[in-house]
Amino acid sequence: MELKKINDMVWEIPKEGQMNVPGRIFASEKLIEKIKGDNTIEQTKNVAALPGIYKYSIALPDCHQGYGFPIGGVAALDYEKGGLSPGGIGFDINCGVRIIRTNLTLSDIKPHLKELLDTIFKNIPSGVGRAGKLRLSKSELLEPLAKGVKWAVEQGYAWKEDPKFLEENGSMLADTDTVSDKALKRGKEQIGTTGAGNHFVEIQLIKDIFNEDVAKVFGLEKGQVCIMIHTGSRGFGHQVCTDYLREMENKFNDIVSKLPDRELIYAPAGTDTCAEYYEAMKCAANFAWCNRQLITHWTREAFQKVIGQSAEDLGMHIVYDVCHNIGKVEKHKIDGETRKVYVHRKGATRSFPPGHEDVPAVYRKVGQPVLIPGSMGTASYVLHGTKEAMNLTFGSTAHGAGRVSSRAQMLRTTRGEKVKEELEKQNILVRSASWKVLAEEAPKAYKDIDEVVRVSDALGIAKLVAKLVPLAVMKG
Amino acid sequence: MEKRYEFLDIATADRAFAAFGNTLEQAFANAALAMTEIITDTSKINKKMERKIHVEARDDKALLYDWLSEILFIFDTEHVVFGEFVVTITRADSKWLLDAVARGEDLARHEIRGEVKAITYHKMEIKKTDGGYRVQVIVDT
């Protein structure tokens, strides 16, 4: 396929056939070569066929092949003439990342590290094929679904200040009548579990600070120990997505037949199905925030127990929490006019600029924190949101490293035991429920995270603040 | 024994497989087995209990999608895994109906290899071949 080079980091897929707008890939020369290796470009092109899409179908520096939409994709569809596509949000609705800071240094934590990892591993269930430790009834689950982290505050799983440091304050009020009985059944025993795959809880150390002023606002400094949590809405979100894909396919069968890919099915704006899916999606988003909150609570407990000081005394404040699989109703300036749109972020992180009303008050001067996790054993980054992101990518940037080698390939060529050994040689402790997960998630299966954030910074769609390196990793 | 399924290298972030059968029913049963193999070692599953499964859909691909989704749902909510599936497919009016008997046991004693989040339509194929049927599925892991 023809790619038009706009500049060193912007590539255009010219408009043709069913496309309503061109495609734009934001990547360096080095990354674009990898991106050409799978179906990402084709998928970016297919998304451009959705109705009411504005400006471009966007693929970010970490983009790779998904189903329907590429992972690392952004599409803004008109609030009245467009629609909502579950495939543009993903099965793991509100999969996201949270960072908790501490006032500990490497020398403070080193003697406790192994015991901490073991305690976290014991305290936080993976929930794969087993119930979690918090077993809610279906009716008890309705509350967290309806109001998100407010529920966790009421139940004593969150500090009073916590919601202020979460995207959307960890709560998108939602109508739980839109959620199926099946989703409730899958969700009720999985709240407070990490799941497997690329999800993790990681103890990290801030290795470098790129912007002292912004880091100070976020409460971060070199040599500080932090904790990163990466997980989503578990079986609950997967079921919501599965249910609505099926319902949309049945209701809008004429639309399916015209789409370049069945997975791009959407509910047209203004239909009941569109409104209901949005409500159910918000329930799943609330589930995910409560999930990360429960894991935060148990992590704080683990630190208290092992180090022997209260989580408050250890300064375990939440820095921020971002969603990277989500649909949002937002207002964006497009060709001089302010438009209301459904922004689809599939494997993309919001990157709102200084002054934006949705950025927490304490961070409003510098823009929201943007959290980009690395793969196992590699660095993770904190960046801050920018105006440039509003201009180029509907206020979005990358969400991670992005895979280059398939899980199948990794299983054939790598052994989990070997991966663990190599990480331990770099002084990174690892605990995982499964050797296979370690093999699938080996660092070499991913693109170079350093290059992904470098490109994001150079484009200006999120600017670098801090680099964190892993000390201990718990995989589901 | 002839090949029942194989894992494919056609999905970057997910797992893909092809399943085979002399009949469409057998191919669907083997697809369920392939998916379970991602979760645990199916050769170690004892057939201690039996579970009836029924799904309906508008076409063959939707039926395959719903069939595998139902097995995932049972895995997540009842924590059981199956090592054997006997599938019957019938067509009535504009619907495809699938009835199956699945045999397996409680998951508790088995090592979990990985997680399947959901079934996708991406590159899904159902094809008649010389000797029977081949179905291809990518699951989100």
# chains A, B, ... in the order shown; residues from 1 in each chain; ligands from 1
call {"tool": "residues_around", "arguments": {"residues": "Val10 in chain A", "least_positions_apart": "3", "cutoff": "8 Å", "atoms": "only C-alpha atoms", "output": "ChimeraX atom specification"}}
result
/A:5-7,24-28
call {"tool": "residues_around", "arguments": {"residues": "range 31-43 of chain B", "least_positions_apart": "2", "cutoff": "6 Å", "atoms": "only C-alpha atoms", "output": "ChimeraX atom specification"}}
result
/B:19,28-29,45,83,112-115
call {"tool": "write_last_selection", "arguments": {"atoms": "all heavy atoms", "output": "compact mmCIF listing (two decimals), in the first residue's frame"}}
result
# COMPACT_ATOMS: atom_id res chain seq x y z
N ALA B 19 -8.95 -25.49 13.18
CA ALA B 19 -9.42 -26.78 13.67
C ALA B 19 -10.04 -27.54 12.50
O ALA B 19 -10.59 -26.93 11.58
CB ALA B 19 -10.43 -26.59 14.80
N PHE B 28 -16.06 -27.86 14.71
CA PHE B 28 -16.47 -26.98 15.81
C PHE B 28 -16.01 -27.55 17.16
O PHE B 28 -15.55 -26.82 18.03
CB PHE B 28 -18.00 -26.79 15.83
CG PHE B 28 -18.50 -25.63 15.01
CD1 PHE B 28 -18.08 -25.45 13.69
CD2 PHE B 28 -19.39 -24.71 15.55
CE1 PHE B 28 -18.54 -24.37 12.93
CE2 PHE B 28 -19.86 -23.63 14.80
CZ PHE B 28 -19.43 -23.46 13.49
N ALA B 29 -16.15 -28.86 17.33
CA ALA B 29 -15.74 -29.50 18.58
C ALA B 29 -14.22 -29.34 18.76
O ALA B 29 -13.74 -29.02 19.85
CB ALA B 29 -16.12 -30.98 18.56
N ILE B 45 -7.27 -33.52 31.31
CA ILE B 45 -8.62 -33.29 31.85
C ILE B 45 -9.40 -34.61 31.92
O ILE B 45 -9.56 -35.30 30.93
CB ILE B 45 -9.40 -32.27 30.97
CG1 ILE B 45 -8.65 -30.94 30.90
CG2 ILE B 45 -10.82 -32.06 31.50
CD1 ILE B 45 -9.23 -29.94 29.93
N GLY B 83 -12.58 -31.55 28.22
CA GLY B 83 -11.59 -32.18 27.37
C GLY B 83 -12.22 -32.93 26.21
O GLY B 83 -11.53 -33.51 25.37
N ILE B 112 -2.93 -23.45 35.06
CA ILE B 112 -3.46 -22.53 34.05
C ILE B 112 -2.31 -21.96 33.24
O ILE B 112 -1.36 -21.42 33.78
CB ILE B 112 -4.26 -21.40 34.72
CG1 ILE B 112 -5.49 -22.00 35.41
CG2 ILE B 112 -4.71 -20.37 33.69
CD1 ILE B 112 -6.12 -21.09 36.40
N ARG B 113 -2.41 -22.12 31.91
CA ARG B 113 -1.33 -21.64 31.05
C ARG B 113 -1.53 -20.19 30.67
O ARG B 113 -0.58 -19.46 30.46
CB ARG B 113 -1.33 -22.44 29.75
CG ARG B 113 -0.92 -23.86 29.92
CD ARG B 113 -1.16 -24.54 28.60
NE ARG B 113 -0.48 -25.81 28.55
CZ ARG B 113 -0.67 -26.69 27.60
NH1 ARG B 113 -1.51 -26.43 26.61
NH2 ARG B 113 -0.02 -27.83 27.61
N GLY B 114 -2.76 -19.82 30.47
CA GLY B 114 -3.01 -18.46 30.00
C GLY B 114 -4.49 -18.19 30.00
O GLY B 114 -5.30 -19.04 30.40
N GLU B 115 -4.83 -17.00 29.57
CA GLU B 115 -6.21 -16.57 29.64
C GLU B 115 -6.72 -16.24 28.23
O GLU B 115 -5.99 -15.69 27.43
CB GLU B 115 -6.29 -15.31 30.51
CG GLU B 115 -7.70 -14.89 30.81
CD GLU B 115 -7.75 -13.73 31.80
OE1 GLU B 115 -6.80 -12.93 31.84
OE2 GLU B 115 -8.76 -13.63 32.52
call {"tool": "interface_residues", "arguments": {"of": "chain B", "to": "chain A", "cutoff": "9 Å", "atoms": "only C-alpha atoms", "output": "PyMOL selection string"}}
result
chain B and resi 7-16+39+58+62+66+69+73-80+107-108+111-123+138+140-141
call {"tool": "residues_around", "arguments": {"residues": "Gly132 in chain B", "least_positions_apart": "6", "cutoff": "8 Å", "atoms": "only C-alpha atoms", "output": "ChimeraX atom specification"}}
result
/B:20-24
call {"tool": "residues_around", "arguments": {"residues": "Val55 in chain B", "least_positions_apart": "6", "cutoff": "7 Å", "atoms": "only C-alpha atoms", "output": "list in words"}}
result
Asp66, Trp67, Leu97, Leu98 and Asp99 of chain B
call {"tool": "select_by_dssp", "arguments": {"residues": "range 97-262 of chain A", "states": "strand (DSSP E or B)", "output": "VMD selection string"}}
result
chain A and resid 97 to 105 200 to 209 224 to 231
call {"tool": "residues_around", "arguments": {"residues": "Lys48 in chain B", "least_positions_apart": "2", "cutoff": "10 Å", "atoms": "only C-alpha atoms", "output": "ChimeraX atom specification"}}
result
/B:45-46,50,82,103-106
call {"tool": "select_by_dssp", "arguments": {"residues": "range 230-435 of chain A", "states": "alpha helix (DSSP H)", "output": "VMD selection string"}}
result
chain A and resid 234 to 251 253 to 258 272 to 307 387 to 392 407 to 413 416 to 425 435
call {"tool": "closest_residue", "arguments": {"among": "B:Ile126, B:Ala18, B:Val135, B:Ile71", "to": "Val101 in chain B", "atoms": "only C-alpha atoms"}}
result
B:Ile71
call {"tool": "atom_distance", "arguments": {"atom1": "CA of Val341 in chain A", "atom2": "CA of Ala76 in chain A"}}
result
5.8 Å
call {"tool": "residues_around", "arguments": {"residues": "range 379-389 of chain A", "least_positions_apart": "2", "cutoff": "6 Å", "atoms": "only C-alpha atoms", "output": "short mmCIF file (atom, residue, chain, number, x, y, z; two decimals) with N, CA, C and O atoms, in the first residue's frame"}}
result
data_model
loop_
_atom_site.label_atom_id
_atom_site.label_comp_id
_atom_site.auth_asym_id
_atom_site.auth_seq_id
_atom_site.Cartn_x
_atom_site.Cartn_y
_atom_site.Cartn_z
N SER A 351 -4.29 12.52 26.40
CA SER A 351 -3.14 13.40 26.66
C SER A 351 -3.61 14.84 26.67
O SER A 351 -3.27 15.63 25.79
N PHE A 352 -4.45 15.18 27.67
CA PHE A 352 -5.06 16.51 27.70
C PHE A 352 -4.07 17.56 28.19
O PHE A 352 -3.25 17.31 29.07
N PRO A 353 -4.19 18.77 27.62
CA PRO A 353 -3.17 19.81 27.81
C PRO A 353 -3.35 20.63 29.09
O PRO A 353 -4.37 20.50 29.77
N GLY A 367 -0.80 20.09 32.58
CA GLY A 367 -1.39 19.04 31.75
C GLY A 367 -1.48 17.74 32.51
O GLY A 367 -0.83 17.56 33.55
N GLN A 368 -2.30 16.81 32.02
CA GLN A 368 -2.51 15.56 32.76
C GLN A 368 -1.28 14.66 32.71
O GLN A 368 -0.53 14.69 31.73
N PRO A 369 -1.06 13.84 33.74
CA PRO A 369 -0.02 12.83 33.62
C PRO A 369 -0.44 11.77 32.59
O PRO A 369 -1.60 11.36 32.56
N VAL A 370 0.49 11.38 31.74
CA VAL A 370 0.26 10.32 30.74
C VAL A 370 1.15 9.16 31.14
O VAL A 370 2.36 9.34 31.27
N LEU A 371 0.55 8.01 31.40
CA LEU A 371 1.33 6.88 31.90
C LEU A 371 1.48 5.83 30.80
O LEU A 371 0.49 5.32 30.29
N ILE A 372 2.70 5.53 30.44
CA ILE A 372 2.95 4.54 29.37
C ILE A 372 3.79 3.39 29.93
O ILE A 372 4.98 3.56 30.20
N PRO A 373 3.15 2.23 30.12
CA PRO A 373 3.89 1.11 30.70
C PRO A 373 4.78 0.43 29.67
O PRO A 373 4.43 0.36 28.50
N GLY A 374 5.90 -0.05 30.14
CA GLY A 374 6.76 -0.84 29.26
C GLY A 374 6.30 -2.29 29.26
O GLY A 374 5.29 -2.63 29.87
N ASN A 391 -4.32 19.16 18.77
CA ASN A 391 -4.30 19.52 17.35
C ASN A 391 -4.14 18.31 16.44
O ASN A 391 -4.73 18.24 15.38
N LEU A 392 -3.31 17.35 16.87
CA LEU A 392 -2.92 16.28 15.95
C LEU A 392 -3.72 14.98 16.13
O LEU A 392 -4.00 14.28 15.16
N THR A 393 -4.04 14.62 17.38
CA THR A 393 -4.50 13.25 17.65
C THR A 393 -5.73 13.20 18.56
O THR A 393 -5.94 12.22 19.27
N GLY A 395 -6.21 14.72 21.28
CA GLY A 395 -5.78 14.62 22.66
C GLY A 395 -5.38 13.22 23.07
O GLY A 395 -5.84 12.72 24.10
N SER A 396 -4.53 12.56 22.27
CA SER A 396 -4.16 11.17 22.56
C SER A 396 -2.69 10.91 22.24
O SER A 396 -2.11 11.57 21.39
N GLY A 460 5.48 15.91 20.02
CA GLY A 460 4.85 16.83 20.96
C GLY A 460 3.47 16.39 21.41
O GLY A 460 2.77 17.15 22.07
N ILE A 461 3.05 15.16 21.09
CA ILE A 461 1.69 14.72 21.48
C ILE A 461 1.66 14.27 22.95
O ILE A 461 0.59 13.97 23.47
N ALA A 462 2.78 14.22 23.61
CA ALA A 462 2.92 14.04 25.06
C ALA A 462 4.41 14.23 25.31
O ALA A 462 5.24 13.73 24.55
N LYS A 463 4.76 15.02 26.33
CA LYS A 463 6.17 15.34 26.57
C LYS A 463 6.70 14.57 27.78
O LYS A 463 6.01 14.40 28.79
N LEU A 464 7.96 14.13 27.66
CA LEU A 464 8.56 13.30 28.70
C LEU A 464 8.73 14.00 30.04
O LEU A 464 9.14 15.15 30.10
N VAL A 465 8.42 13.26 31.11
CA VAL A 465 8.60 13.78 32.46
C VAL A 465 9.56 12.88 33.26
O VAL A 465 10.52 13.35 33.84
N ALA A 466 9.29 11.56 33.27
CA ALA A 466 10.10 10.67 34.09
C ALA A 466 10.20 9.28 33.49
O ALA A 466 9.29 8.82 32.78
N LYS A 467 11.32 8.62 33.78
CA LYS A 467 11.53 7.24 33.33
C LYS A 467 11.61 6.34 34.56
O LYS A 467 12.35 6.66 35.51
N LEU A 468 10.86 5.26 34.55
CA LEU A 468 10.87 4.32 35.68
C LEU A 468 11.37 2.96 35.22
O LEU A 468 11.02 2.52 34.13
N VAL A 469 12.19 2.33 36.06
CA VAL A 469 12.67 0.98 35.72
C VAL A 469 12.14 -0.02 36.74
O VAL A 469 11.93 0.32 37.89
#
call {"tool": "atom_distance", "arguments": {"atom1": "CA of Thr338 in chain A", "atom2": "CA of Ser57 in chain A"}}
result
18.8 Å
